[in-house]
>>> print(open('target.pdb').read())   # PDB, C-alpha atoms
ATOM      1  CA  MET A   1     -29.480  13.831  20.771  1.00  0.00           C
ATOM      2  CA  PRO A   2     -25.787  12.890  20.827  1.00  0.00           C
ATOM      3  CA  ALA A   3     -24.913   9.222  20.573  1.00  0.00           C
ATOM      4  CA  ARG A   4     -22.968   7.507  23.323  1.00  0.00           C
ATOM      5  CA  CYS A   5     -20.294   4.906  22.660  1.00  0.00           C
ATOM      6  CA  ASP A   6     -19.652   1.948  24.978  1.00  0.00           C
ATOM      7  CA  ASP A   7     -17.532   4.044  27.329  1.00  0.00           C
ATOM      8  CA  PRO A   8     -20.094   5.510  29.761  1.00  0.00           C
ATOM      9  CA  GLY A   9     -17.885   8.512  30.465  1.00  0.00           C
ATOM     10  CA  VAL A  10     -17.603   9.725  26.883  1.00  0.00           C
ATOM     11  CA  THR A  11     -20.328  11.374  24.821  1.00  0.00           C
ATOM     12  CA  ILE A  12     -19.721  11.963  21.126  1.00  0.00           C
ATOM     13  CA  SER A  13     -21.670  13.310  18.210  1.00  0.00           C
ATOM     14  CA  PRO A  14     -23.012  10.868  15.592  1.00  0.00           C
ATOM     15  CA  SER A  15     -20.957  12.781  13.014  1.00  0.00           C
ATOM     16  CA  THR A  16     -17.632  12.278  14.834  1.00  0.00           C
ATOM     17  CA  LEU A  17     -15.066  11.008  12.342  1.00  0.00           C
ATOM     18  CA  GLY A  18     -13.883   7.472  12.939  1.00  0.00           C
ATOM     19  CA  LEU A  19     -17.022   6.489  14.848  1.00  0.00           C
ATOM     20  CA  SER A  20     -17.685   3.634  12.411  1.00  0.00           C
ATOM     21  CA  ASP A  21     -14.247   2.132  13.149  1.00  0.00           C
ATOM     22  CA  CYS A  22     -15.197   0.970  16.642  1.00  0.00           C
ATOM     23  CA  GLU A  23     -12.616   2.570  18.940  1.00  0.00           C
ATOM     24  CA  VAL A  24     -13.902   4.955  21.587  1.00  0.00           C
ATOM     25  CA  HIS A  25     -13.357   8.615  20.644  1.00  0.00           C
ATOM     26  CA  LEU A  26     -11.780  10.640  23.435  1.00  0.00           C
ATOM     27  CA  GLY A  27     -11.618  13.946  21.591  1.00  0.00           C
ATOM     28  CA  GLY A  28      -8.547  16.153  21.261  1.00  0.00           C
ATOM     29  CA  LEU A  29      -5.537  15.674  18.990  1.00  0.00           C
ATOM     30  CA  LEU A  30      -5.508  11.873  19.056  1.00  0.00           C
ATOM     31  CA  GLY A  31      -9.273  11.309  19.059  1.00  0.00           C
ATOM     32  CA  GLN A  32      -9.162   7.543  18.709  1.00  0.00           C
ATOM     33  CA  PRO A  33      -5.683   6.998  20.232  1.00  0.00           C
ATOM     34  CA  VAL A  34      -4.837   3.513  18.931  1.00  0.00           C
ATOM     35  CA  ASN A  35      -6.231   4.073  15.442  1.00  0.00           C
ATOM     36  CA  THR A  36      -4.512   7.464  15.214  1.00  0.00           C
ATOM     37  CA  LEU A  37      -1.073   6.360  16.431  1.00  0.00           C
ATOM     38  CA  SER A  38      -1.109   3.326  14.134  1.00  0.00           C
ATOM     39  CA  THR A  39      -1.109   5.643  11.098  1.00  0.00           C
ATOM     40  CA  VAL A  40       2.607   6.205  11.762  1.00  0.00           C
ATOM     41  CA  ALA A  41       3.162   2.847  10.017  1.00  0.00           C
ATOM     42  CA  PHE A  42       2.352   4.458   6.652  1.00  0.00           C
ATOM     43  CA  GLY A  43       5.084   7.053   7.151  1.00  0.00           C
ATOM     44  CA  VAL A  44       7.646   4.491   8.304  1.00  0.00           C
ATOM     45  CA  VAL A  45       7.146   2.289   5.229  1.00  0.00           C
ATOM     46  CA  ALA A  46       7.152   5.364   2.950  1.00  0.00           C
ATOM     47  CA  LEU A  47      10.523   6.523   4.323  1.00  0.00           C
ATOM     48  CA  TRP A  48      11.888   2.993   3.930  1.00  0.00           C
ATOM     49  CA  LEU A  49      10.899   2.977   0.258  1.00  0.00           C
ATOM     50  CA  LEU A  50      12.407   6.423  -0.328  1.00  0.00           C
ATOM     51  CA  GLY A  51      15.644   5.275   1.282  1.00  0.00           C
ATOM     52  CA  SER A  52      15.983   2.106  -0.788  1.00  0.00           C
ATOM     53  CA  ARG A  53      18.872   1.847  -3.229  1.00  0.00           C
ATOM     54  CA  GLU A  54      16.823   0.749  -6.225  1.00  0.00           C
ATOM     55  CA  ARG A  55      13.998   3.239  -6.654  1.00  0.00           C
ATOM     56  CA  THR A  56      11.516   2.979  -9.494  1.00  0.00           C
ATOM     57  CA  TRP A  57       8.317   4.754 -10.443  1.00  0.00           C
ATOM     58  CA  VAL A  58       6.524   2.117  -8.401  1.00  0.00           C
ATOM     59  CA  THR A  59       8.487   2.661  -5.186  1.00  0.00           C
ATOM     60  CA  ASN A  60       8.377   6.453  -5.552  1.00  0.00           C
ATOM     61  CA  GLY A  61       4.663   6.459  -6.310  1.00  0.00           C
ATOM     62  CA  MET A  62       3.921   4.061  -3.471  1.00  0.00           C
ATOM     63  CA  ALA A  63       5.947   6.144  -1.020  1.00  0.00           C
ATOM     64  CA  LEU A  64       3.969   9.279  -1.882  1.00  0.00           C
ATOM     65  CA  THR A  65       0.713   7.330  -1.688  1.00  0.00           C
ATOM     66  CA  LEU A  66       1.626   5.952   1.742  1.00  0.00           C
ATOM     67  CA  LEU A  67       2.413   9.454   2.995  1.00  0.00           C
ATOM     68  CA  ALA A  68      -0.983  10.620   1.746  1.00  0.00           C
ATOM     69  CA  LEU A  69      -2.676   7.632   3.399  1.00  0.00           C
ATOM     70  CA  GLY A  70      -0.910   8.287   6.675  1.00  0.00           C
ATOM     71  CA  LEU A  71      -1.763  11.982   6.756  1.00  0.00           C
ATOM     72  CA  GLY A  72      -5.393  11.423   5.757  1.00  0.00           C
ATOM     73  CA  SER A  73      -5.878   8.643   8.290  1.00  0.00           C
ATOM     74  CA  PHE A  74      -4.222  10.663  11.065  1.00  0.00           C
ATOM     75  CA  LEU A  75      -6.528  13.614  10.452  1.00  0.00           C
ATOM     76  CA  TYR A  76      -9.553  11.345  10.175  1.00  0.00           C
ATOM     77  CA  HIS A  77      -9.033   9.370  13.388  1.00  0.00           C
ATOM     78  CA  GLY A  78      -7.340  12.179  15.298  1.00  0.00           C
ATOM     79  CA  PRO A  79      -8.191  15.884  15.353  1.00  0.00           C
ATOM     80  CA  GLY A  80     -10.810  15.612  12.582  1.00  0.00           C
ATOM     81  CA  PRO A  81     -10.459  19.066  11.015  1.00  0.00           C
ATOM     82  CA  ARG A  82     -12.505  20.250   8.056  1.00  0.00           C
ATOM     83  CA  GLY A  83     -11.405  18.370   4.943  1.00  0.00           C
ATOM     84  CA  ALA A  84     -10.245  15.301   6.876  1.00  0.00           C
ATOM     85  CA  VAL A  85     -12.765  13.062   5.109  1.00  0.00           C
ATOM     86  CA  ILE A  86     -11.539  14.238   1.691  1.00  0.00           C
ATOM     87  CA  ALA A  87      -7.892  13.672   2.657  1.00  0.00           C
ATOM     88  CA  HIS A  88      -8.708  10.231   4.059  1.00  0.00           C
ATOM     89  CA  ASP A  89     -10.714   9.057   1.062  1.00  0.00           C
ATOM     90  CA  ALA A  90      -8.295  10.561  -1.476  1.00  0.00           C
ATOM     91  CA  GLY A  91      -5.475   8.478  -0.028  1.00  0.00           C
ATOM     92  CA  ILE A  92      -7.533   5.311  -0.315  1.00  0.00           C
ATOM     93  CA  VAL A  93      -8.487   6.065  -3.927  1.00  0.00           C
ATOM     94  CA  ALA A  94      -4.851   6.826  -4.797  1.00  0.00           C
ATOM     95  CA  ALA A  95      -3.700   3.554  -3.224  1.00  0.00           C
ATOM     96  CA  ALA A  96      -6.340   1.528  -5.087  1.00  0.00           C
ATOM     97  CA  GLY A  97      -5.410   3.185  -8.377  1.00  0.00           C
ATOM     98  CA  LEU A  98      -1.710   2.562  -7.855  1.00  0.00           C
ATOM     99  CA  VAL A  99      -2.257  -1.091  -6.956  1.00  0.00           C
ATOM    100  CA  LEU A 100      -4.214  -1.492 -10.194  1.00  0.00           C
ATOM    101  CA  ALA A 101      -1.470   0.230 -12.213  1.00  0.00           C
ATOM    102  CA  VAL A 102       1.220  -1.888 -10.566  1.00  0.00           C
ATOM    103  CA  SER A 103      -0.725  -5.072 -11.280  1.00  0.00           C
ATOM    104  CA  VAL A 104      -1.180  -4.193 -14.958  1.00  0.00           C
ATOM    105  CA  SER A 105       2.513  -3.295 -15.256  1.00  0.00           C
ATOM    106  CA  ALA A 106       3.539  -6.592 -13.661  1.00  0.00           C
ATOM    107  CA  VAL A 107       1.318  -8.622 -15.980  1.00  0.00           C
ATOM    108  CA  ARG A 108       2.763  -6.827 -19.001  1.00  0.00           C
ATOM    109  CA  SER A 109       6.312  -7.396 -17.739  1.00  0.00           C
ATOM    110  CA  VAL A 110       6.291 -11.058 -16.749  1.00  0.00           C
ATOM    111  CA  GLY A 111       2.854 -12.324 -17.758  1.00  0.00           C
ATOM    112  CA  PRO A 112      -0.087 -13.297 -15.543  1.00  0.00           C
ATOM    113  CA  ARG A 113       1.628 -16.275 -13.885  1.00  0.00           C
ATOM    114  CA  GLY A 114       4.835 -14.414 -13.162  1.00  0.00           C
ATOM    115  CA  ALA A 115       2.936 -11.458 -11.758  1.00  0.00           C
ATOM    116  CA  ALA A 116       0.800 -13.726  -9.590  1.00  0.00           C
ATOM    117  CA  ARG A 117       3.868 -15.451  -8.142  1.00  0.00           C
ATOM    118  CA  ALA A 118       5.679 -12.188  -7.451  1.00  0.00           C
ATOM    119  CA  MET A 119       2.738 -10.347  -5.927  1.00  0.00           C
ATOM    120  CA  ALA A 120       0.810 -13.173  -4.235  1.00  0.00           C
ATOM    121  CA  ALA A 121       2.196 -12.679  -0.719  1.00  0.00           C
ATOM    122  CA  ALA A 122       1.681  -8.909  -0.733  1.00  0.00           C
ATOM    123  CA  LEU A 123      -1.859  -9.181  -2.079  1.00  0.00           C
ATOM    124  CA  ALA A 124      -2.659 -11.882   0.488  1.00  0.00           C
ATOM    125  CA  LEU A 125      -1.414  -9.557   3.232  1.00  0.00           C
ATOM    126  CA  LEU A 126      -3.606  -6.728   1.942  1.00  0.00           C
ATOM    127  CA  THR A 127      -6.589  -9.090   1.824  1.00  0.00           C
ATOM    128  CA  PHE A 128      -5.947 -10.147   5.419  1.00  0.00           C
ATOM    129  CA  GLY A 129      -5.745  -6.498   6.465  1.00  0.00           C
ATOM    130  CA  TRP A 130      -9.040  -5.720   4.777  1.00  0.00           C
ATOM    131  CA  LEU A 131     -10.592  -8.665   6.624  1.00  0.00           C
ATOM    132  CA  LEU A 132      -9.412  -7.164   9.929  1.00  0.00           C
ATOM    133  CA  HIS A 133     -10.901  -3.830   8.920  1.00  0.00           C
ATOM    134  CA  THR A 134     -14.259  -5.416   8.077  1.00  0.00           C
ATOM    135  CA  LEU A 135     -14.515  -7.581  11.193  1.00  0.00           C
ATOM    136  CA  GLY A 136     -13.428  -4.704  13.413  1.00  0.00           C
ATOM    137  CA  ARG A 137     -16.057  -2.201  12.315  1.00  0.00           C
ATOM    138  CA  THR A 138     -18.472  -0.819  14.883  1.00  0.00           C
ATOM    139  CA  GLY A 139     -20.931  -3.558  15.815  1.00  0.00           C
ATOM    140  CA  ALA A 140     -18.880  -6.299  14.104  1.00  0.00           C
ATOM    141  CA  VAL A 141     -17.625  -9.430  15.818  1.00  0.00           C
ATOM    142  CA  LEU A 142     -14.143  -8.107  16.694  1.00  0.00           C
ATOM    143  CA  CYS A 143     -15.227  -4.647  17.821  1.00  0.00           C
ATOM    144  CA  ALA A 144     -14.142  -3.745  21.370  1.00  0.00           C
ATOM    145  CA  PRO A 145     -14.275   0.073  21.699  1.00  0.00           C
ATOM    146  CA  ASN A 146     -12.094   0.333  24.815  1.00  0.00           C
ATOM    147  CA  ALA A 147      -9.474  -2.272  23.913  1.00  0.00           C
ATOM    148  CA  TRP A 148      -5.869  -1.317  23.246  1.00  0.00           C
ATOM    149  CA  LEU A 149      -5.730  -3.849  20.421  1.00  0.00           C
ATOM    150  CA  GLN A 150      -7.919  -2.418  17.661  1.00  0.00           C
ATOM    151  CA  PRO A 151      -8.530  -4.378  14.414  1.00  0.00           C
ATOM    152  CA  HIS A 152      -8.680  -1.123  12.443  1.00  0.00           C
ATOM    153  CA  ALA A 153      -5.284  -0.105  13.803  1.00  0.00           C
ATOM    154  CA  ALA A 154      -3.944  -3.529  12.801  1.00  0.00           C
ATOM    155  CA  TRP A 155      -5.403  -2.869   9.342  1.00  0.00           C
ATOM    156  CA  HIS A 156      -3.323   0.308   9.124  1.00  0.00           C
ATOM    157  CA  VAL A 157      -0.107  -1.546   9.941  1.00  0.00           C
ATOM    158  CA  VAL A 158      -0.823  -4.604   7.784  1.00  0.00           C
ATOM    159  CA  SER A 159      -1.873  -2.527   4.770  1.00  0.00           C
ATOM    160  CA  ALA A 160       1.208  -0.294   5.070  1.00  0.00           C
ATOM    161  CA  VAL A 161       3.503  -3.334   5.090  1.00  0.00           C
ATOM    162  CA  GLY A 162       1.522  -4.987   2.301  1.00  0.00           C
ATOM    163  CA  LEU A 163       1.702  -1.927   0.038  1.00  0.00           C
ATOM    164  CA  GLY A 164       5.423  -1.526   0.682  1.00  0.00           C
ATOM    165  CA  TRP A 165       6.025  -5.200  -0.031  1.00  0.00           C
ATOM    166  CA  LEU A 166       3.991  -4.935  -3.202  1.00  0.00           C
ATOM    167  CA  ALA A 167       6.147  -2.028  -4.372  1.00  0.00           C
ATOM    168  CA  VAL A 168       9.451  -3.863  -3.951  1.00  0.00           C
ATOM    169  CA  ARG A 169       8.130  -7.141  -5.354  1.00  0.00           C
ATOM    170  CA  THR A 170       6.717  -5.670  -8.551  1.00  0.00           C
ATOM    171  CA  PRO A 171       8.685  -7.059 -11.525  1.00  0.00           C
ATOM    172  CA  SER A 172      10.543  -4.457 -13.547  1.00  0.00           C
ATOM    173  CA  PRO A 173       9.469  -3.750 -17.153  1.00  0.00           C
ATOM    174  CA  THR A 174      12.651  -5.411 -18.472  1.00  0.00           C
ATOM    175  CA  SER A 175      12.372  -8.609 -16.458  1.00  0.00           C
ATOM    176  CA  ARG A 176      10.114 -10.523 -18.864  1.00  0.00           C
ATOM    177  CA  ASP A 177      12.853 -11.435 -21.335  1.00  0.00           C
ATOM    178  CA  ARG A 178      15.277 -12.261 -18.546  1.00  0.00           C
ATOM    179  CA  GLU A 179      12.867 -14.604 -16.817  1.00  0.00           C
ATOM    180  CA  SER A 180      11.697 -16.281 -20.019  1.00  0.00           C
ATOM    181  CA  THR A 181      15.200 -16.952 -21.396  1.00  0.00           C
ATOM    182  CA  GLY A 182      17.281 -16.991 -18.236  1.00  0.00           C
ATOM    183  CA  GLN A 183      19.811 -14.764 -19.985  1.00  0.00           C
ATOM    184  CA  VAL A 184      20.605 -11.106 -20.320  1.00  0.00           C
ATOM    185  CA  SER A 185      20.304  -9.946 -23.905  1.00  0.00           C
ATOM    186  CA  LEU A 186      23.563  -8.787 -25.520  1.00  0.00           C
ATOM    187  CA  PRO A 187      23.855  -5.649 -27.613  1.00  0.00           C
ATOM    188  CA  ALA A 188      23.554  -6.080 -31.366  1.00  0.00           C
ATOM    189  CA  GLU A 189      26.740  -6.139 -33.421  1.00  0.00           C
ATOM    190  CA  PRO A 190      27.602  -2.998 -35.329  1.00  0.00           C
ATOM    191  CA  PRO A 191      26.566  -2.928 -38.999  1.00  0.00           C
ATOM    192  CA  GLY A 192      28.963  -4.793 -41.245  1.00  0.00           C
ATOM    193  CA  LEU A 193      30.167  -7.214 -38.556  1.00  0.00           C
ATOM    194  CA  GLU A 194      27.996 -10.274 -38.936  1.00  0.00           C
ATOM    195  CA  GLY A 195      30.321 -12.536 -36.959  1.00  0.00           C
ATOM    196  CA  PRO A 196      33.823 -12.828 -35.552  1.00  0.00           C
ATOM    197  CA  ALA A 197      35.149 -14.569 -38.689  1.00  0.00           C
ATOM    198  CA  SER A 198      33.204 -12.604 -41.307  1.00  0.00           C
ATOM    199  CA  PHE A 199      36.337 -10.886 -42.562  1.00  0.00           C
ATOM    200  CA  LEU A 200      37.760 -14.278 -43.577  1.00  0.00           C
ATOM    201  CA  GLU A 201      34.925 -15.080 -45.937  1.00  0.00           C
ATOM    202  CA  ILE A 202      35.974 -14.941 -49.569  1.00  0.00           C
ATOM    203  CA  PRO A 203      33.329 -13.655 -51.935  1.00  0.00           C
ATOM    204  CA  GLY A 204      32.200 -16.350 -54.358  1.00  0.00           C
TER
END
>>> encode(input="target.pdb", output="structure tokens")
Amino acid sequence: MPARCDDPGVTISPSTLGLSDCEVHLGGLLGQPVNTLSTVAFGVVALWLLGSRERTWVTNGMALTLLALGLGSFLYHGPGPRGAVIAHDAGIVAAAGLVLAVSVSAVRSVGPRGAARAMAAALALLTFGWLLHTLGRTGAVLCAPNAWLQPHAAWHVVSAVGLGWLAVRTPSPTSRDRESTGQVSLPAEPPGLEGPASFLEIPG
């Protein structure tokens, strides 16, 4: 027998994608309207990163990951075609892997304390988003299937902003020496020029 959500006028299958994320599923292109439309946030942040002046492997990789997250989430909460689950989960795995790589790179660049200071706000934002996701699951305390304010949709927006912030706040690989000394290293002198007055030295 099909399972019914809290909306008495809508009947959905237990296998309907997005059913575990609380919002009522109306079928069609948007499926879960609020959750589906909120995936646009991933694309907006991705385009912002691609349009930034200073692009690094982190910002480029994060932009591509955000696009994958947005597409996978849109398919999952919206039309739900075959392969939507794979696209959705692949984006999440890619994001988790990139966050780990970014964290390791930051620690190697500026040390654990420097990395923690630089990335604390972004990681706190991602943690808050995950809390919204958890508390907004079907049957959880914040779940309201027919509400226009959906915790899972808020999770989409908060995580998109958090990942973008993490990308721009990641210390560059060359920043460790600059932060530890407060100076920019100068190029070495050419061979044979040990100092500005070396030509005045008289061999003894």
>>> resolve_selection(input="target.pdb", expression="the PyMOL selection byres ((chain A and resi 117) around 12)", output="compact mmCIF listing (two decimals) with C-alpha atoms, in the coordinates of the input")
# COMPACT_ATOMS: atom_id res chain seq x y z
CA SER A 103 -0.72 -5.07 -11.28
CA ALA A 106 3.54 -6.59 -13.66
CA VAL A 107 1.32 -8.62 -15.98
CA VAL A 110 6.29 -11.06 -16.75
CA GLY A 111 2.85 -12.32 -17.76
CA PRO A 112 -0.09 -13.30 -15.54
CA ARG A 113 1.63 -16.27 -13.88
CA GLY A 114 4.84 -14.41 -13.16
CA ALA A 115 2.94 -11.46 -11.76
CA ALA A 116 0.80 -13.73 -9.59
CA ALA A 118 5.68 -12.19 -7.45
CA MET A 119 2.74 -10.35 -5.93
CA ALA A 120 0.81 -13.17 -4.24
CA ALA A 121 2.20 -12.68 -0.72
CA ALA A 122 1.68 -8.91 -0.73
CA LEU A 123 -1.86 -9.18 -2.08
CA ALA A 124 -2.66 -11.88 0.49
CA LEU A 166 3.99 -4.93 -3.20
CA ARG A 169 8.13 -7.14 -5.35
CA THR A 170 6.72 -5.67 -8.55
CA PRO A 171 8.68 -7.06 -11.52
>>> residues_around(input="target.pdb", residues="Val99 of chain A", least_positions_apart="5", cutoff="9 Å", atoms="all atoms listed in the file", output="VMD selection string")
chain A and resid 62 94 104 163 166 to 167
>>> write_last_selection(input="target.pdb", atoms="C-alpha atoms", output="compact mmCIF listing (two decimals), in the frame of the given file")
# COMPACT_ATOMS: atom_id res chain seq x y z
CA MET A 62 3.92 4.06 -3.47
CA ALA A 94 -4.85 6.83 -4.80
CA VAL A 104 -1.18 -4.19 -14.96
CA LEU A 163 1.70 -1.93 0.04
CA LEU A 166 3.99 -4.93 -3.20
CA ALA A 167 6.15 -2.03 -4.37
>>> residues_around(input="target.pdb", residues="Ala90 of chain A", least_positions_apart="5", cutoff="10 Å", atoms="only C-alpha atoms", output="ChimeraX atom specification")
/A:65,68-69,72,84-85,95-96
>>> resolve_selection(input="target.pdb", expression="the PyMOL selection byres ((chain A and resi 80) around 12)", output="NGL selection string")
:A and (15-19 or 25-32 or 36 or 71-79 or 81-88)
>>> write_last_selection(input="target.pdb", atoms="C-alpha atoms", output="compact mmCIF listing (two decimals), keeping the file's coordinate frame")
# COMPACT_ATOMS: atom_id res chain seq x y z
CA SER A 15 -20.96 12.78 13.01
CA THR A 16 -17.63 12.28 14.83
CA LEU A 17 -15.07 11.01 12.34
CA GLY A 18 -13.88 7.47 12.94
CA LEU A 19 -17.02 6.49 14.85
CA HIS A 25 -13.36 8.62 20.64
CA LEU A 26 -11.78 10.64 23.44
CA GLY A 27 -11.62 13.95 21.59
CA GLY A 28 -8.55 16.15 21.26
CA LEU A 29 -5.54 15.67 18.99
CA LEU A 30 -5.51 11.87 19.06
CA GLY A 31 -9.27 11.31 19.06
CA GLN A 32 -9.16 7.54 18.71
CA THR A 36 -4.51 7.46 15.21
CA LEU A 71 -1.76 11.98 6.76
CA GLY A 72 -5.39 11.42 5.76
CA SER A 73 -5.88 8.64 8.29
CA PHE A 74 -4.22 10.66 11.06
CA LEU A 75 -6.53 13.61 10.45
CA TYR A 76 -9.55 11.34 10.18
CA HIS A 77 -9.03 9.37 13.39
CA GLY A 78 -7.34 12.18 15.30
CA PRO A 79 -8.19 15.88 15.35
CA PRO A 81 -10.46 19.07 11.02
CA ARG A 82 -12.50 20.25 8.06
CA GLY A 83 -11.40 18.37 4.94
CA ALA A 84 -10.24 15.30 6.88
CA VAL A 85 -12.76 13.06 5.11
CA ILE A 86 -11.54 14.24 1.69
CA ALA A 87 -7.89 13.67 2.66
CA HIS A 88 -8.71 10.23 4.06
>>> atom_distance(input="target.pdb", atom1="atom CA of Ala160 of chain A", atom2="atom CA of Thr56 of chain A")
18.1 Å
>>> atom_distance(input="target.pdb", atom1="atom CA of Leu131 of chain A", atom2="atom CA of Ala153 of chain A")
12.4 Å
>>> resolve_selection(input="target.pdb", expression="the PyMOL selection byres ((chain A and resi 136-151) around 6)", output="VMD selection string")
chain A and resid 20 to 24 132 to 135 152 to 154
>>> atom_distance(input="target.pdb", atom1="atom CA of Thr127 of chain A", atom2="atom CA of Ser159 of chain A")
8.6 Å
>>> axis_aligned_box(input="target.pdb", around="segment 90-106 of chain A", padding_each_side="3 Å", output="lines of an AutoDock Vina configuration file")
center_x = -2.5
center_y = 2.0
center_z = -7.6
size_x = 18.0
size_y = 23.2
size_z = 21.2
>>> residues_around(input="target.pdb", residues="Val158 of chain A", least_positions_apart="3", cutoff="7 Å", atoms="all atoms listed in the file", output="list in words")
Leu125, Leu126, Gly129, Ala154, Trp155, Val161 and Gly162 of chain A
>>> closest_residue(input="target.pdb", among="A:Val58, A:Ala63, A:Leu37, A:Leu98", to="His156 of chain A", atoms="all atoms listed in the file")
A:Leu37
>>> closest_residue(input="target.pdb", among="A:Val168, A:Ser38, A:Ser52, A:Leu67", to="Val102 of chain A", atoms="all atoms listed in the file")
A:Val168
>>> residues_near_point(input="target.pdb", point="(11.3, 1.4, 2.2)", cutoff="10 Å", atoms="only C-alpha atoms", output="list in words")
Gly43, Val44, Val45, Ala46, Leu47, Trp48, Leu49, Leu50, Gly51, Ser52, Arg53, Arg55, Thr59, Asn60, Met62, Ala63, Val161, Gly164, Trp165, Ala167 and Val168 of chain A
